[in-house]
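Notes to accompany the following structure.
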2 protein chains.
Amino acid sequence: MEKLTIVKVGGKIVEEADSLQQLLQDFTHIKGHKVLVHGGGRSATTIASRLGIESKMVDGRRITDTAMLQVVTMVYGGLVNKQIVAGLQALGINAMGLTGADLNYMRSEKRPVKEVDYGYVGDVKEVDAHILADLIRKNIVPVLAPLTHDKAGNMLNTNADTIAGEAAKALSKYFDVKLMYCFEKKGVLKDGKDEDSVIATLTPALFEEYVQSGIIQGGMIPKLENAFDALKAGVKQVVITRADLIDKESGTMVMI
Amino acid sequence: MEKLTIVKVGGKIVEEADSLQQLLQDFTHIKGHKVLVHGGGRSATTIASRLGIESKMVDGRRITDTAMLQVVTMVYGGLVNKQIVAGLQALGINAMGLTGADLNYMRSEKRPVKEVDYGYVGDVKEVDAHILADLIRKNIVPVLAPLTHDKAGNMLNTNADTIAGEAAKALSKYFDVKLMYCFEKKGVLKDGKDEDSVIATLTPALFEEYVQSGIIQGGMIPKLENAFDALKAGVKQVVITRADLIDKESGTMVMI
């Protein structure tokens, strides 16, 4: 099978002109087929605030009420997505922006209300990547916004890490997928204060050990659980690294 | 060649939930391949105003400064486009939203400053519809937002009538294209006060005559000039009608 690299980058990098430009350039250096998945939370918060809409968060997760759903649909699907698409086109990459509604490639259901009502947040239920795969084979580069739809006419807000993981799993039917999660460190660190203490490879056993001993904690735990899930579902390789290193062989390689 | 119907609808219809729902239902009744082109000016004005950005117009045309470019990119490319795409998906139509940057299907250049500086407005220079045509043949329905790009990294604001006309011309290489422009009347009227005085067919000679006598005036003149241009460039049929009549044989048929 042909190789496909899926890169997920968080908000901060794609939301500032300089770091976005650098990212897009590094991204073009990745050989072969590729997909870019982006966030945009900071821009959403800024635009919402300018519109007089308060951003409500519970444990770092956004509560998406009706007004906020409009904002994220505009900001993720329009502002951030089209800046990236236009930027890639300028670099000679034939990019195409998509939400889950476009081509009906990712259907979700509104998250059931339990202790917390997250509002219009979609849990992914079905991914149909066959048209996406056709386009990728024609050297088109999908740029995926963190939005899905419920196939009943509603857009839903979905975490970009989840979009990347679910797209990677679905596309692993058609390609040898390498999934790269970018964050602010060079990789998963043994010592949070030492940027060079990157854990080179991480197996489920090592992960367990590091969680027990408190070396791996907080938001990194669900990120790595997603990575192991993706590998179990057929993704060939998961790498956690810093955005400016996506075209280098570095970071933490997660393996099963 | 297979038939393709391109429907252009203005802002008002797609910006209110009830009329949008009716439009999408009527649109699904159109047989065969189809494309929807939408505006969104009223929403852009509303969001801009809520963001404290003033909408500047000259002769009914928007001046797109940096702040307004952000707004139209969000509103046309995100909010309005994704509401339509999600709405069509709910009706079983495999829609896909696009700006000119996506798939690089429509490249434009920033309009040169003459008497008026329109700001970030793009005049269309190049349309590459071959990937669009492939997708349409697979029963995908493109939903085109009134945005283009300059292939140098910038999005540009482009009139939805122009997008519809240019897309129709480019797609007429691959399909027998019927282009439908929707507006608030049943067609081009002989008597503006009589909704039933629709001019059934309009040739260049008749057009000339009606313009001379003042029966056709204002914004209808460039609309009809665009229609004749499209016909000269290979579009098979241009119809001007009301949005709720798109699945009926009515309106004004423009012919050469």
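Residue numbering restarts at 1 in every chain; chains get A, B, ... in the order shown in the structure tokens, and ligands count up from 1 in that same order.
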Specify as a ChimeraX atom specification all residues of chain B found within 10 Å of chain A, counting only C-alpha atoms.
/B:21,47-52,69-105,131,135,138,140-143,147-155
Please, could you write that set of residues out with C-alpha atoms as an mmCIF file, in the first residue's frame?
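Here's the written file out_9.cif:
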data_model
loop_
_atom_site.group_PDB
_atom_site.id
_atom_site.type_symbol
_atom_site.label_atom_id
_atom_site.label_comp_id
_atom_site.auth_asym_id
_atom_site.auth_seq_id
_atom_site.Cartn_x
_atom_site.Cartn_y
_atom_site.Cartn_z
ATOM 1 C CA GLN B 21 -35.057 24.295 4.317
ATOM 2 C CA ILE B 47 -21.678 39.309 12.049
ATOM 3 C CA ALA B 48 -19.460 42.239 11.020
ATOM 4 C CA SER B 49 -21.723 44.649 12.870
ATOM 5 C CA ARG B 50 -21.649 42.459 15.993
ATOM 6 C CA LEU B 51 -17.829 42.492 15.733
ATOM 7 C CA GLY B 52 -17.906 46.293 15.504
ATOM 8 C CA LEU B 69 -12.177 39.673 4.430
ATOM 9 C CA GLN B 70 -11.901 37.725 7.694
ATOM 10 C CA VAL B 71 -15.652 38.064 8.196
ATOM 11 C CA VAL B 72 -16.647 36.899 4.711
ATOM 12 C CA THR B 73 -14.141 34.021 4.875
ATOM 13 C CA MET B 74 -15.763 32.898 8.131
ATOM 14 C CA VAL B 75 -19.350 33.548 7.159
ATOM 15 C CA TYR B 76 -19.415 32.442 3.506
ATOM 16 C CA GLY B 77 -16.830 29.644 3.795
ATOM 17 C CA GLY B 78 -17.858 28.447 7.256
ATOM 18 C CA LEU B 79 -21.243 29.415 8.602
ATOM 19 C CA VAL B 80 -23.432 29.621 5.494
ATOM 20 C CA ASN B 81 -21.619 26.977 3.452
ATOM 21 C CA LYS B 82 -21.619 24.329 6.179
ATOM 22 C CA GLN B 83 -25.267 24.928 7.084
ATOM 23 C CA ILE B 84 -26.161 24.216 3.449
ATOM 24 C CA VAL B 85 -23.857 21.200 3.194
ATOM 25 C CA ALA B 86 -25.193 19.681 6.431
ATOM 26 C CA GLY B 87 -28.764 20.452 5.322
ATOM 27 C CA LEU B 88 -28.270 18.699 1.980
ATOM 28 C CA GLN B 89 -26.606 15.700 3.635
ATOM 29 C CA ALA B 90 -29.687 15.377 5.847
ATOM 30 C CA LEU B 91 -31.762 15.156 2.640
ATOM 31 C CA GLY B 92 -29.557 12.400 1.244
ATOM 32 C CA ILE B 93 -27.539 14.586 -1.119
ATOM 33 C CA ASN B 94 -23.777 14.013 -0.935
ATOM 34 C CA ALA B 95 -22.763 17.673 -0.814
ATOM 35 C CA MET B 96 -19.278 19.115 -0.550
ATOM 36 C CA GLY B 97 -18.517 22.762 0.227
ATOM 37 C CA LEU B 98 -15.825 24.594 -1.724
ATOM 38 C CA THR B 99 -14.208 27.980 -2.048
ATOM 39 C CA GLY B 100 -12.019 28.775 -5.034
ATOM 40 C CA ALA B 101 -8.965 27.819 -2.954
ATOM 41 C CA ASP B 102 -10.228 24.275 -2.415
ATOM 42 C CA LEU B 103 -8.867 22.075 -5.203
ATOM 43 C CA ASN B 104 -7.578 25.383 -6.630
ATOM 44 C CA TYR B 105 -10.709 25.329 -8.738
ATOM 45 C CA ILE B 131 -11.643 17.549 -10.482
ATOM 46 C CA LEU B 135 -16.728 14.515 -8.334
ATOM 47 C CA LYS B 138 -19.721 10.441 -8.796
ATOM 48 C CA ILE B 140 -21.340 14.585 -5.422
ATOM 49 C CA VAL B 141 -23.000 17.997 -5.271
ATOM 50 C CA PRO B 142 -20.552 20.905 -4.959
ATOM 51 C CA VAL B 143 -21.778 23.812 -2.830
ATOM 52 C CA LEU B 147 -14.823 33.198 -2.279
ATOM 53 C CA THR B 148 -11.789 32.721 -4.500
ATOM 54 C CA HIS B 149 -8.026 32.820 -3.890
ATOM 55 C CA ASP B 150 -5.042 34.379 -5.638
ATOM 56 C CA LYS B 151 -2.765 31.302 -5.366
ATOM 57 C CA ALA B 152 -0.387 33.501 -3.360
ATOM 58 C CA GLY B 153 -2.005 32.600 -0.045
ATOM 59 C CA ASN B 154 -4.858 35.108 0.040
ATOM 60 C CA MET B 155 -8.566 34.491 -0.006
#
Name the residues in contact with segment 225-234 of chain B at a cut-off of 12 Å, using only C-alpha atoms, excluding same-chain residues fewer than 6 positions from it; report them as number ranges by chain.
B: 159-181, 202-205, 207-208, 211, 216-219, 240, 252-256
Go ahead and compute the interatomic distance for atom CA of Pro222 of chain B and atom CA of Lys125 of chain B, in Å to one decimal.
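Calculated distance between atom CA of Pro222 of chain B and atom CA of Lys125 of chain B is 18.6 Å.
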With only C-alpha atoms as the atoms that count, which of B:Gly39, B:Glu115, B:Gly60, B:Cys182 lies nearest to Ile246 of chain B?
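Closest candidate: B:Cys182.
For the pair atom CA of Asp18 of chain A and atom CA of Ala44 of chain A, the separation is 18.9 Å.
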If you count only C-alpha atoms, the residue of B:Ser250, B:Gly214, B:Gly41, B:Lys223 closest to Ala200 of chain B turns out to be B:Ser250
Between atom CA of Lys110 of chain B and atom CA of Thr66 of chain B, distance in Å (one decimal):
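Distance reported for this atom pair: 12.7 Å.
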Running DSSP on the backbone, which parts of segment 61-129 of chain B land in strand (DSSP E), as a PyMOL selection string?
chain B and resi 61-63+95-98+106-110+122-127
Prev. selection, N, CA and C atoms, output as a PDB file, in the first residue's frame:
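What landed in part37.pdb:
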ATOM      1  N   ARG B  61     -22.165  47.479  -3.844  1.00  0.00           N
ATOM      2  CA  ARG B  61     -21.067  46.504  -3.798  1.00  0.00           C
ATOM      3  C   ARG B  61     -20.252  46.714  -2.524  1.00  0.00           C
ATOM      4  N   ARG B  62     -19.919  45.606  -1.899  1.00  0.00           N
ATOM      5  CA  ARG B  62     -19.212  45.648  -0.639  1.00  0.00           C
ATOM      6  C   ARG B  62     -17.733  46.020  -0.841  1.00  0.00           C
ATOM      7  N   ILE B  63     -17.226  46.872   0.036  1.00  0.00           N
ATOM      8  CA  ILE B  63     -15.789  47.142   0.102  1.00  0.00           C
ATOM      9  C   ILE B  63     -15.208  46.151   1.109  1.00  0.00           C
ATOM     10  N   ALA B  95     -23.285  16.340  -0.524  1.00  0.00           N
ATOM     11  CA  ALA B  95     -22.763  17.673  -0.814  1.00  0.00           C
ATOM     12  C   ALA B  95     -21.334  17.838  -0.332  1.00  0.00           C
ATOM     13  N   MET B  96     -20.646  18.780  -0.940  1.00  0.00           N
ATOM     14  CA  MET B  96     -19.278  19.115  -0.550  1.00  0.00           C
ATOM     15  C   MET B  96     -19.091  20.614  -0.744  1.00  0.00           C
ATOM     16  N   GLY B  97     -18.703  21.317   0.304  1.00  0.00           N
ATOM     17  CA  GLY B  97     -18.517  22.762   0.227  1.00  0.00           C
ATOM     18  C   GLY B  97     -17.148  23.123  -0.320  1.00  0.00           C
ATOM     19  N   LEU B  98     -17.099  24.173  -1.122  1.00  0.00           N
ATOM     20  CA  LEU B  98     -15.825  24.594  -1.724  1.00  0.00           C
ATOM     21  C   LEU B  98     -15.751  26.114  -1.833  1.00  0.00           C
ATOM     22  N   MET B 106     -10.831  27.792  -8.525  1.00  0.00           N
ATOM     23  CA  MET B 106     -11.062  29.121  -9.101  1.00  0.00           C
ATOM     24  C   MET B 106     -10.054  30.140  -8.561  1.00  0.00           C
ATOM     25  N   ARG B 107      -9.170  30.553  -9.456  1.00  0.00           N
ATOM     26  CA  ARG B 107      -8.126  31.510  -9.086  1.00  0.00           C
ATOM     27  C   ARG B 107      -8.552  32.893  -9.556  1.00  0.00           C
ATOM     28  N   SER B 108      -8.258  33.888  -8.727  1.00  0.00           N
ATOM     29  CA  SER B 108      -8.613  35.261  -9.092  1.00  0.00           C
ATOM     30  C   SER B 108      -7.439  36.189  -8.816  1.00  0.00           C
ATOM     31  N   GLU B 109      -7.615  37.435  -9.217  1.00  0.00           N
ATOM     32  CA  GLU B 109      -6.616  38.452  -8.880  1.00  0.00           C
ATOM     33  C   GLU B 109      -7.331  39.600  -8.190  1.00  0.00           C
ATOM     34  N   LYS B 110      -6.653  40.198  -7.232  1.00  0.00           N
ATOM     35  CA  LYS B 110      -7.230  41.336  -6.509  1.00  0.00           C
ATOM     36  C   LYS B 110      -7.561  42.421  -7.533  1.00  0.00           C
ATOM     37  N   GLY B 122     -11.811  39.620  -5.610  1.00  0.00           N
ATOM     38  CA  GLY B 122     -11.088  38.902  -6.650  1.00  0.00           C
ATOM     39  C   GLY B 122     -11.831  38.876  -7.970  1.00  0.00           C
ATOM     40  N   ASP B 123     -11.141  39.271  -9.038  1.00  0.00           N
ATOM     41  CA  ASP B 123     -11.670  39.087 -10.392  1.00  0.00           C
ATOM     42  C   ASP B 123     -11.154  37.746 -10.904  1.00  0.00           C
ATOM     43  N   VAL B 124     -12.069  36.920 -11.381  1.00  0.00           N
ATOM     44  CA  VAL B 124     -11.718  35.538 -11.739  1.00  0.00           C
ATOM     45  C   VAL B 124     -10.780  35.514 -12.940  1.00  0.00           C
ATOM     46  N   LYS B 125      -9.704  34.721 -12.838  1.00  0.00           N
ATOM     47  CA  LYS B 125      -8.707  34.618 -13.901  1.00  0.00           C
ATOM     48  C   LYS B 125      -8.628  33.231 -14.512  1.00  0.00           C
ATOM     49  N   GLU B 126      -8.920  32.195 -13.718  1.00  0.00           N
ATOM     50  CA  GLU B 126      -8.671  30.835 -14.191  1.00  0.00           C
ATOM     51  C   GLU B 126      -9.577  29.861 -13.435  1.00  0.00           C
ATOM     52  N   VAL B 127     -10.280  29.045 -14.182  1.00  0.00           N
ATOM     53  CA  VAL B 127     -11.137  28.046 -13.537  1.00  0.00           C
ATOM     54  C   VAL B 127     -10.701  26.675 -14.017  1.00  0.00           C
TER      55      VAL B 127
END
Please give the complete set of residues from segment 19-247 of chain A that DSSP, run on the backbone, assigns to alpha helix (DSSP H), formatted as a short mmCIF file (atom, residue, chain, number, x, y, z; two decimals) with N, CA and C atoms, in the first residue's frame.
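File written: states.cif
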data_model
loop_
_atom_site.label_atom_id
_atom_site.label_comp_id
_atom_site.auth_asym_id
_atom_site.auth_seq_id
_atom_site.Cartn_x
_atom_site.Cartn_y
_atom_site.Cartn_z
N SER A 19 4.05 31.39 12.48
CA SER A 19 4.20 29.96 12.78
C SER A 19 3.40 29.12 11.78
N LEU A 20 2.28 29.65 11.30
CA LEU A 20 1.51 28.92 10.28
C LEU A 20 2.34 28.77 9.01
N GLN A 21 2.97 29.83 8.58
CA GLN A 21 3.77 29.81 7.36
C GLN A 21 4.89 28.77 7.47
N GLN A 22 5.56 28.76 8.65
CA GLN A 22 6.65 27.80 8.88
C GLN A 22 6.09 26.37 8.85
N LEU A 23 4.97 26.18 9.50
CA LEU A 23 4.36 24.85 9.55
C LEU A 23 4.03 24.36 8.14
N LEU A 24 3.42 25.23 7.34
CA LEU A 24 3.00 24.82 6.00
C LEU A 24 4.22 24.46 5.16
N GLN A 25 5.30 25.22 5.33
CA GLN A 25 6.52 24.89 4.60
C GLN A 25 7.08 23.54 5.01
N ASP A 26 7.17 23.31 6.34
CA ASP A 26 7.65 22.00 6.82
C ASP A 26 6.74 20.89 6.31
N PHE A 27 5.46 21.14 6.32
CA PHE A 27 4.47 20.14 5.89
C PHE A 27 4.70 19.75 4.43
N THR A 28 5.02 20.74 3.58
CA THR A 28 5.25 20.42 2.16
C THR A 28 6.46 19.51 1.98
N GLY A 41 -8.98 26.58 18.55
CA GLY A 41 -9.69 27.00 19.76
C GLY A 41 -9.41 28.43 20.18
N ARG A 42 -8.16 28.87 20.03
CA ARG A 42 -7.84 30.23 20.46
C ARG A 42 -8.59 31.26 19.61
N SER A 43 -8.61 31.04 18.30
CA SER A 43 -9.34 31.96 17.42
C SER A 43 -10.84 31.95 17.76
N ALA A 44 -11.36 30.75 18.04
CA ALA A 44 -12.79 30.65 18.38
C ALA A 44 -13.08 31.46 19.64
N THR A 45 -12.20 31.32 20.62
CA THR A 45 -12.38 32.06 21.88
C THR A 45 -12.32 33.57 21.64
N THR A 46 -11.35 34.00 20.80
CA THR A 46 -11.19 35.43 20.51
C THR A 46 -12.43 35.97 19.78
N ILE A 47 -12.85 35.29 18.72
CA ILE A 47 -14.01 35.77 17.95
C ILE A 47 -15.26 35.75 18.84
N ALA A 48 -15.42 34.68 19.61
CA ALA A 48 -16.59 34.58 20.50
C ALA A 48 -16.61 35.76 21.46
N SER A 49 -15.45 36.04 22.03
CA SER A 49 -15.38 37.14 22.99
C SER A 49 -15.72 38.47 22.33
N ARG A 50 -15.24 38.68 21.10
CA ARG A 50 -15.56 39.91 20.37
C ARG A 50 -17.05 39.98 20.04
N THR A 66 -25.54 26.89 21.44
CA THR A 66 -25.94 27.27 20.08
C THR A 66 -25.07 28.40 19.52
N ALA A 67 -24.85 29.42 20.32
CA ALA A 67 -24.05 30.55 19.85
C ALA A 67 -22.61 30.13 19.56
N MET A 68 -22.07 29.27 20.42
CA MET A 68 -20.68 28.84 20.23
C MET A 68 -20.56 27.91 19.02
N LEU A 69 -21.62 27.12 18.74
CA LEU A 69 -21.59 26.26 17.57
C LEU A 69 -21.46 27.09 16.29
N GLN A 70 -22.18 28.22 16.25
CA GLN A 70 -22.06 29.14 15.11
C GLN A 70 -20.62 29.63 14.99
N VAL A 71 -20.04 29.99 16.13
CA VAL A 71 -18.67 30.52 16.12
C VAL A 71 -17.68 29.47 15.63
N VAL A 72 -17.73 28.26 16.17
CA VAL A 72 -16.74 27.26 15.74
C VAL A 72 -16.97 26.84 14.28
N THR A 73 -18.23 26.85 13.84
CA THR A 73 -18.50 26.53 12.43
C THR A 73 -17.84 27.58 11.52
N MET A 74 -17.97 28.84 11.92
CA MET A 74 -17.34 29.93 11.15
C MET A 74 -15.83 29.87 11.22
N ASN A 81 -9.57 27.12 8.42
CA ASN A 81 -9.45 26.13 7.35
C ASN A 81 -9.05 26.78 6.03
N LYS A 82 -9.68 27.88 5.67
CA LYS A 82 -9.40 28.48 4.36
C LYS A 82 -8.04 29.18 4.33
N GLN A 83 -7.59 29.70 5.49
CA GLN A 83 -6.24 30.26 5.53
C GLN A 83 -5.20 29.18 5.25
N ILE A 84 -5.43 28.01 5.82
CA ILE A 84 -4.50 26.89 5.60
C ILE A 84 -4.56 26.42 4.15
N VAL A 85 -5.77 26.25 3.64
CA VAL A 85 -5.93 25.77 2.25
C VAL A 85 -5.27 26.75 1.28
N ALA A 86 -5.55 28.05 1.44
CA ALA A 86 -4.96 29.05 0.54
C ALA A 86 -3.44 29.07 0.70
N GLY A 87 -2.96 28.92 1.93
CA GLY A 87 -1.52 28.89 2.19
C GLY A 87 -0.84 27.71 1.52
N LEU A 88 -1.48 26.55 1.58
CA LEU A 88 -0.90 25.36 0.93
C LEU A 88 -0.95 25.50 -0.59
N GLN A 89 -2.04 26.04 -1.11
CA GLN A 89 -2.13 26.24 -2.56
C GLN A 89 -0.99 27.14 -3.04
N ALA A 90 -0.65 28.15 -2.25
CA ALA A 90 0.44 29.07 -2.61
C ALA A 90 1.78 28.32 -2.67
N HIS A 130 -13.78 6.54 1.63
CA HIS A 130 -13.42 6.04 0.30
C HIS A 130 -13.26 7.16 -0.74
N ILE A 131 -14.09 8.21 -0.64
CA ILE A 131 -13.93 9.32 -1.60
C ILE A 131 -12.67 10.11 -1.25
N LEU A 132 -12.44 10.27 0.06
CA LEU A 132 -11.21 10.91 0.53
C LEU A 132 -9.98 10.17 -0.01
N ALA A 133 -10.03 8.85 0.06
CA ALA A 133 -8.91 8.04 -0.42
C ALA A 133 -8.69 8.25 -1.93
N ASP A 134 -9.79 8.31 -2.68
CA ASP A 134 -9.69 8.57 -4.13
C ASP A 134 -8.99 9.90 -4.39
N LEU A 135 -9.40 10.93 -3.64
CA LEU A 135 -8.83 12.26 -3.83
C LEU A 135 -7.35 12.27 -3.45
N ILE A 136 -7.01 11.60 -2.37
CA ILE A 136 -5.61 11.54 -1.92
C ILE A 136 -4.75 10.88 -2.99
N ARG A 137 -5.28 9.82 -3.60
CA ARG A 137 -4.52 9.14 -4.66
C ARG A 137 -4.27 10.05 -5.85
N ALA A 160 -10.05 17.96 17.59
CA ALA A 160 -9.17 17.71 16.44
C ALA A 160 -8.34 16.44 16.59
N ASP A 161 -7.92 16.10 17.83
CA ASP A 161 -7.19 14.84 18.05
C ASP A 161 -8.07 13.66 17.64
N THR A 162 -9.35 13.73 17.99
CA THR A 162 -10.30 12.67 17.64
C THR A 162 -10.47 12.57 16.13
N ILE A 163 -10.63 13.73 15.47
CA ILE A 163 -10.77 13.74 14.01
C ILE A 163 -9.55 13.05 13.38
N ALA A 164 -8.35 13.42 13.86
CA ALA A 164 -7.12 12.86 13.29
C ALA A 164 -7.09 11.35 13.50
N GLY A 165 -7.41 10.90 14.71
CA GLY A 165 -7.38 9.48 15.02
C GLY A 165 -8.39 8.69 14.19
N GLU A 166 -9.61 9.21 14.11
CA GLU A 166 -10.67 8.51 13.37
C GLU A 166 -10.38 8.49 11.86
N ALA A 167 -9.88 9.62 11.34
CA ALA A 167 -9.53 9.66 9.92
C ALA A 167 -8.39 8.67 9.64
N ALA A 168 -7.41 8.62 10.55
CA ALA A 168 -6.27 7.71 10.38
C ALA A 168 -6.74 6.27 10.34
N LYS A 169 -7.62 5.91 11.27
CA LYS A 169 -8.12 4.53 11.30
C LYS A 169 -8.85 4.19 9.99
N ALA A 170 -9.74 5.08 9.56
CA ALA A 170 -10.53 4.80 8.35
C ALA A 170 -9.64 4.74 7.11
N LEU A 171 -8.64 5.61 7.05
CA LEU A 171 -7.76 5.66 5.88
C LEU A 171 -6.74 4.52 5.88
N PRO A 204 2.73 -0.23 25.17
CA PRO A 204 1.67 -0.22 26.19
C PRO A 204 2.23 -0.49 27.60
N ALA A 205 3.21 -1.39 27.70
CA ALA A 205 3.77 -1.73 29.01
C ALA A 205 4.51 -0.53 29.62
N LEU A 206 5.32 0.12 28.78
CA LEU A 206 6.05 1.31 29.24
C LEU A 206 5.08 2.43 29.63
N PHE A 207 4.05 2.59 28.81
CA PHE A 207 3.02 3.61 29.07
C PHE A 207 2.42 3.40 30.45
N GLU A 208 2.02 2.15 30.72
CA GLU A 208 1.44 1.78 32.01
C GLU A 208 2.38 2.16 33.15
N GLU A 209 3.64 1.80 32.96
CA GLU A 209 4.67 2.06 33.97
C GLU A 209 4.81 3.57 34.23
N TYR A 210 4.89 4.34 33.13
CA TYR A 210 5.08 5.79 33.26
C TYR A 210 3.85 6.47 33.87
N VAL A 211 2.68 5.94 33.59
CA VAL A 211 1.47 6.52 34.19
C VAL A 211 1.48 6.24 35.70
N GLN A 212 1.81 4.99 36.06
CA GLN A 212 1.89 4.59 37.47
C GLN A 212 2.84 5.51 38.24
N MET A 220 -1.80 14.20 28.39
CA MET A 220 -1.03 13.26 27.58
C MET A 220 -1.62 11.85 27.65
N ILE A 221 -2.31 11.54 28.74
CA ILE A 221 -2.86 10.18 28.89
C ILE A 221 -3.92 9.87 27.82
N PRO A 222 -4.97 10.70 27.68
CA PRO A 222 -5.94 10.39 26.59
C PRO A 222 -5.31 10.44 25.21
N LYS A 223 -4.33 11.34 25.02
CA LYS A 223 -3.65 11.45 23.72
C LYS A 223 -2.98 10.10 23.38
N LEU A 224 -2.30 9.53 24.37
CA LEU A 224 -1.60 8.26 24.14
C LEU A 224 -2.58 7.10 24.04
N GLU A 225 -3.65 7.16 24.79
CA GLU A 225 -4.68 6.11 24.68
C GLU A 225 -5.25 6.12 23.25
N ASN A 226 -5.50 7.32 22.72
CA ASN A 226 -5.95 7.44 21.32
C ASN A 226 -4.94 6.84 20.37
N ALA A 227 -3.66 7.10 20.65
CA ALA A 227 -2.59 6.59 19.79
C ALA A 227 -2.61 5.05 19.77
N PHE A 228 -2.71 4.44 20.95
CA PHE A 228 -2.74 2.97 21.02
C PHE A 228 -3.98 2.42 20.31
N ASP A 229 -5.12 3.10 20.49
CA ASP A 229 -6.35 2.71 19.79
C ASP A 229 -6.15 2.71 18.28
N ALA A 230 -5.54 3.78 17.79
CA ALA A 230 -5.32 3.92 16.35
C ALA A 230 -4.45 2.78 15.85
N LEU A 231 -3.40 2.43 16.61
CA LEU A 231 -2.49 1.35 16.20
C LEU A 231 -3.24 0.02 16.18
N LYS A 232 -4.06 -0.20 17.20
CA LYS A 232 -4.84 -1.46 17.24
C LYS A 232 -5.78 -1.53 16.05
#
